[in-house]
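Asks: If you scroll down you'll find the structure; I have some questions about it.
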Amino acid sequence: MSEAARLFPNAPLPWIDLSTGINPHGWTGPRAEFSALQRLPDPTETTALEAAAAASFGVHPTMVAAIPGAEAGLRLLPRLTSAPDVGILSPTYGGHAEAWHAAGRLVHTAVTLHGLPETSALVIVNPNNPDGRQIPPETLAGLASERRLLIVDESFGEVTPQLSVTSRAHDRLIVLRSFGKFFGLAGVRLGFIVAGPMIIAGVRAAFGDWPVSAEALAAGTAAYADADWADATRTRLQQDSGRLDTMLMKAGLELLGGTSLFRLAACPHAAKWFEHLARQGLLIRPFGQQPDWLRFGLPGNEAAWSRLQIALEQGIA
C-alpha cells in the first residue's frame, strides 16, 4: 500500500486495498488480555489452541501443530522433508517455488497434473490462488504415496470445507492451513500444519516451546469454536463475491474464477485498468507473468463498494 501511495500521490484517501484475499469483515471476538502479553505463553494454551483448530478441521489434536502463519510453514516444509525435487501445480502462489528453490531443490511446474514429471514431492494449492481451481479431495488423497510426498495448501480452505483433505492427513500427505485469511486477522500471524507424527514432531522442534503469540492463542482458540460465525461468514462472502462478479462483468472484464474471498478477471487492457483504479485510490493485484490478469478482493463497507463501482463505470480511455 505504501508503494502505491508513493506512485500515485494524488489518489483520493483513504486508499482501499483490494489486492489481498483477506476477509474484510474480520472476526471480532476476544483478544489477549494485557497480562498475557507480559509473559511467555503457557504450553497448555498452545495445546488448547491446537485442540480447537483440530475440532474445526475434524482431526485428532496430535495431528495439528500451530505455526506463526501458513507462510512460515510453507518455507519450513522443503527443509523438513528429504525430497530432492518438487512438482508445483501452477500458476499458483509464488512463495512455494521460492521456498523450494531456497532449499536447493529442483522445482518443476506445470498447468496440469499430467504435465508434471514424477517428482518426490508435489505441492497443490486447493482451492487455488489466484484462479480458484478446485481438485476433488478423492483425487488429491490418491496422489500421496510411499514414493511421493503431497503438500496441500488449504490457506483458502475455510470457504470450501468440502474440498479439504485435512482429515486424511498423514506423514506423506501434509496440509497447510491459514487462520488470518478467512477470519480476517492476517496480522495475528497464525497457521497450522496438519500431518502424521513424524512431520508434526519436526514442526514442533523447528518452532520450539512458544510457536505463536498470545494474540494468536486468544483469537484462534475462540474463533475456531465459533461455528455460527463461520457459517454466516461463508454465506456473506458468497453474496459479496457475487456482487463483485456483477460489477466486473458490467465493466467488460472476463471472469476467470477465484474464491469467495477474491475474484480473478482478465482483459486485454489490464495495465490500464490497474492504473485507472490506482488513481482512484483502489489497489488491486496485477500479475507480471500474466499481464492480462487482475485479482480483486472484496470491499469492506458501502463506501468502498461505491468507490469501486464508480471507478469501474468510468472505464478506461
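Ordered as shown in the C-alpha cells, chains take letters A, B, and onward, while each chain numbers its residues from 1 and ligands are numbered from 1 in the order shown.
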Among the residues of stretch 228-289 of chain A, find those DSSP assigns to strand (DSSP E) from the backbone and print them as a PyMOL selection string.

Replies: chain A and resi 254-259+262-266+282-283+285-286

Asks: Give me a file of those residues, with C-alpha atoms, as a tab-separated table (two decimals), in the first residue's frame.

Replies:
```tsv
chain	number	residue	atom	x	y	z
A	254	GLU	CA	-13.88	-11.52	-18.21
A	255	LEU	CA	-14.28	-13.59	-15.07
A	256	LEU	CA	-11.73	-16.41	-14.81
A	257	GLY	CA	-12.57	-17.70	-11.34
A	258	GLY	CA	-11.34	-17.26	-7.80
A	259	THR	CA	-12.86	-18.00	-4.42
A	262	PHE	CA	-11.18	-12.88	-4.23
A	263	ARG	CA	-12.07	-12.85	-7.91
A	264	LEU	CA	-9.77	-13.21	-10.91
A	265	ALA	CA	-10.59	-11.31	-14.07
A	266	ALA	CA	-8.94	-10.81	-17.44
A	282	LEU	CA	-8.17	1.47	-5.28
A	283	LEU	CA	-5.34	-1.06	-5.14
A	285	ARG	CA	-3.43	-7.20	-7.76
A	286	PRO	CA	-1.70	-7.33	-11.18
```

Asks: Any chance you could list, as a PyMOL selection string, the residues in stretch 238-293 of chain A that come up helix (DSSP H, G or I) when DSSP is run on the backbone?

Replies: chain A and resi 238-250+270-279

Asks: May I have the residues from that selection written out with N, CA and C atoms, as a CSV table (one decimal), in the first residue's frame?

Replies:
```csv
chain,number,residue,atom,x,y,z
A,238,GLN,N,-20.1,-15.4,-0.1
A,238,GLN,CA,-20.7,-15.8,-1.3
A,238,GLN,C,-21.6,-14.7,-1.9
A,239,GLN,N,-22.3,-14.0,-1.1
A,239,GLN,CA,-23.1,-12.9,-1.5
A,239,GLN,C,-22.3,-11.7,-2.1
A,240,ASP,N,-21.2,-11.4,-1.3
A,240,ASP,CA,-20.4,-10.3,-1.7
A,240,ASP,C,-19.6,-10.6,-3.0
A,241,SER,N,-19.1,-11.8,-3.1
A,241,SER,CA,-18.3,-12.2,-4.3
A,241,SER,C,-19.3,-12.2,-5.5
A,242,GLY,N,-20.5,-12.6,-5.3
A,242,GLY,CA,-21.5,-12.5,-6.4
A,242,GLY,C,-21.7,-11.0,-6.9
A,243,ARG,N,-21.8,-10.1,-5.9
A,243,ARG,CA,-22.0,-8.7,-6.1
A,243,ARG,C,-20.8,-8.2,-6.9
A,244,LEU,N,-19.6,-8.6,-6.5
A,244,LEU,CA,-18.4,-8.2,-7.2
A,244,LEU,C,-18.3,-8.7,-8.6
A,245,ASP,N,-18.7,-9.9,-8.8
A,245,ASP,CA,-18.8,-10.5,-10.2
A,245,ASP,C,-19.6,-9.7,-11.1
A,246,THR,N,-20.8,-9.3,-10.6
A,246,THR,CA,-21.7,-8.5,-11.4
A,246,THR,C,-21.1,-7.1,-11.8
A,247,MET,N,-20.4,-6.5,-10.9
A,247,MET,CA,-19.8,-5.2,-11.2
A,247,MET,C,-18.6,-5.4,-12.2
A,248,LEU,N,-17.8,-6.4,-12.1
A,248,LEU,CA,-16.7,-6.7,-13.0
A,248,LEU,C,-17.2,-7.0,-14.4
A,249,MET,N,-18.2,-7.8,-14.5
A,249,MET,CA,-18.8,-8.1,-15.8
A,249,MET,C,-19.4,-6.9,-16.5
A,250,LYS,N,-20.1,-6.1,-15.8
A,250,LYS,CA,-20.7,-4.9,-16.3
A,250,LYS,C,-19.6,-3.9,-16.9
A,270,ALA,N,-5.4,-4.8,-19.0
A,270,ALA,CA,-5.3,-4.9,-17.6
A,270,ALA,C,-4.4,-3.8,-17.0
A,271,ALA,N,-3.3,-3.5,-17.6
A,271,ALA,CA,-2.4,-2.5,-17.1
A,271,ALA,C,-3.1,-1.1,-17.0
A,272,LYS,N,-3.9,-0.8,-18.0
A,272,LYS,CA,-4.7,0.5,-17.9
A,272,LYS,C,-5.7,0.5,-16.8
A,273,TRP,N,-6.4,-0.7,-16.6
A,273,TRP,CA,-7.3,-0.8,-15.5
A,273,TRP,C,-6.6,-0.6,-14.2
A,274,PHE,N,-5.5,-1.3,-14.0
A,274,PHE,CA,-4.8,-1.2,-12.8
A,274,PHE,C,-4.4,0.3,-12.5
A,275,GLU,N,-3.9,1.0,-13.5
A,275,GLU,CA,-3.5,2.4,-13.2
A,275,GLU,C,-4.7,3.3,-13.0
A,276,HIS,N,-5.8,3.0,-13.7
A,276,HIS,CA,-7.0,3.8,-13.5
A,276,HIS,C,-7.6,3.6,-12.1
A,277,LEU,N,-7.6,2.4,-11.7
A,277,LEU,CA,-8.2,2.2,-10.3
A,277,LEU,C,-7.2,2.7,-9.3
A,278,ALA,N,-5.9,2.6,-9.5
A,278,ALA,CA,-5.0,3.1,-8.5
A,278,ALA,C,-5.1,4.7,-8.4
A,279,ARG,N,-5.4,5.3,-9.5
A,279,ARG,CA,-5.5,6.8,-9.5
A,279,ARG,C,-6.8,7.2,-8.7
```

Asks: Need to verify the contact set: A:His101, 12 Å, only C-alpha atoms, exclusion of same-chain residues closer than 6 positions in sequence. Can you return it as a list of chain:residue names?

Replies: A:Arg75, A:Pro78, A:Arg79, A:Pro84, A:Asp85, A:Val86, A:Gly87, A:Ile88, A:Gly94, A:Gly95, A:Val107, A:His108

Asks: Let's have the selection written as a short mmCIF file (atom, residue, chain, number, x, y, z; two decimals), in the first residue's frame, with C-alpha atoms.

Replies:
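again.cif written:
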```cif
data_model
loop_
_atom_site.label_atom_id
_atom_site.label_comp_id
_atom_site.auth_asym_id
_atom_site.auth_seq_id
_atom_site.Cartn_x
_atom_site.Cartn_y
_atom_site.Cartn_z
CA ARG A 75 9.02 -22.04 4.00
CA PRO A 78 11.14 -28.12 2.00
CA ARG A 79 13.82 -28.24 4.70
CA PRO A 84 15.19 -33.62 -3.70
CA ASP A 85 12.68 -32.26 -6.21
CA VAL A 86 9.13 -30.96 -6.28
CA GLY A 87 6.32 -30.52 -8.77
CA ILE A 88 4.08 -27.48 -8.27
CA GLY A 94 4.82 -17.94 -5.87
CA GLY A 95 6.04 -18.48 -2.30
CA VAL A 107 11.42 -27.24 -8.98
CA HIS A 108 9.12 -28.29 -11.83
#
```

Asks: Hey, what's within 7 Å of A:Met63 if we count only C-alpha atoms and toss same-chain stuff fewer than 3 positions away? As a list in words, please?

Replies: Val59, His60, Val194, Ala195, Gly196, Pro197 and Ile200 of chain A

Asks: Those selected residues, please, written with N, CA, C and O atoms and delivered as a PDB file, in the first residue's frame.

Replies:
```
ATOM      1  N   VAL A  59      -9.902 -33.480  12.935  1.00  0.00           N
ATOM      2  CA  VAL A  59      -8.778 -34.390  13.139  1.00  0.00           C
ATOM      3  C   VAL A  59      -8.437 -34.460  14.622  1.00  0.00           C
ATOM      4  O   VAL A  59      -8.914 -33.657  15.434  1.00  0.00           O
ATOM      5  N   HIS A  60      -7.561 -35.414  14.983  1.00  0.00           N
ATOM      6  CA  HIS A  60      -7.100 -35.517  16.362  1.00  0.00           C
ATOM      7  C   HIS A  60      -6.101 -34.405  16.639  1.00  0.00           C
ATOM      8  O   HIS A  60      -5.279 -34.062  15.772  1.00  0.00           O
ATOM      9  N   VAL A 194      -0.901 -29.751   9.417  1.00  0.00           N
ATOM     10  CA  VAL A 194      -1.630 -30.955   9.810  1.00  0.00           C
ATOM     11  C   VAL A 194      -0.964 -32.135   9.107  1.00  0.00           C
ATOM     12  O   VAL A 194      -0.837 -32.132   7.872  1.00  0.00           O
ATOM     13  N   ALA A 195      -0.522 -33.116   9.883  1.00  0.00           N
ATOM     14  CA  ALA A 195       0.238 -34.227   9.305  1.00  0.00           C
ATOM     15  C   ALA A 195       0.328 -35.372  10.304  1.00  0.00           C
ATOM     16  O   ALA A 195      -0.278 -35.328  11.384  1.00  0.00           O
ATOM     17  N   GLY A 196       1.106 -36.380   9.955  1.00  0.00           N
ATOM     18  CA  GLY A 196       1.361 -37.506  10.833  1.00  0.00           C
ATOM     19  C   GLY A 196       2.404 -37.179  11.877  1.00  0.00           C
ATOM     20  O   GLY A 196       2.983 -36.085  11.901  1.00  0.00           O
ATOM     21  N   PRO A 197       2.708 -38.132  12.778  1.00  0.00           N
ATOM     22  CA  PRO A 197       3.565 -37.852  13.938  1.00  0.00           C
ATOM     23  C   PRO A 197       4.987 -37.439  13.591  1.00  0.00           C
ATOM     24  O   PRO A 197       5.572 -36.604  14.289  1.00  0.00           O
ATOM     25  N   ILE A 200       4.872 -33.740  12.368  1.00  0.00           N
ATOM     26  CA  ILE A 200       4.481 -32.869  13.474  1.00  0.00           C
ATOM     27  C   ILE A 200       5.630 -32.721  14.466  1.00  0.00           C
ATOM     28  O   ILE A 200       5.891 -31.608  14.966  1.00  0.00           O
TER      29      ILE A 200
END
```

Asks: May I have the residues within 7 Å of stretch 182-193 of chain A as a PyMOL selection string, using only C-alpha atoms and disregarding those fewer than 4 positions away in the same chain?

Replies: chain A and resi 22-27+64-70+73+156+158+175-178+212+215-216
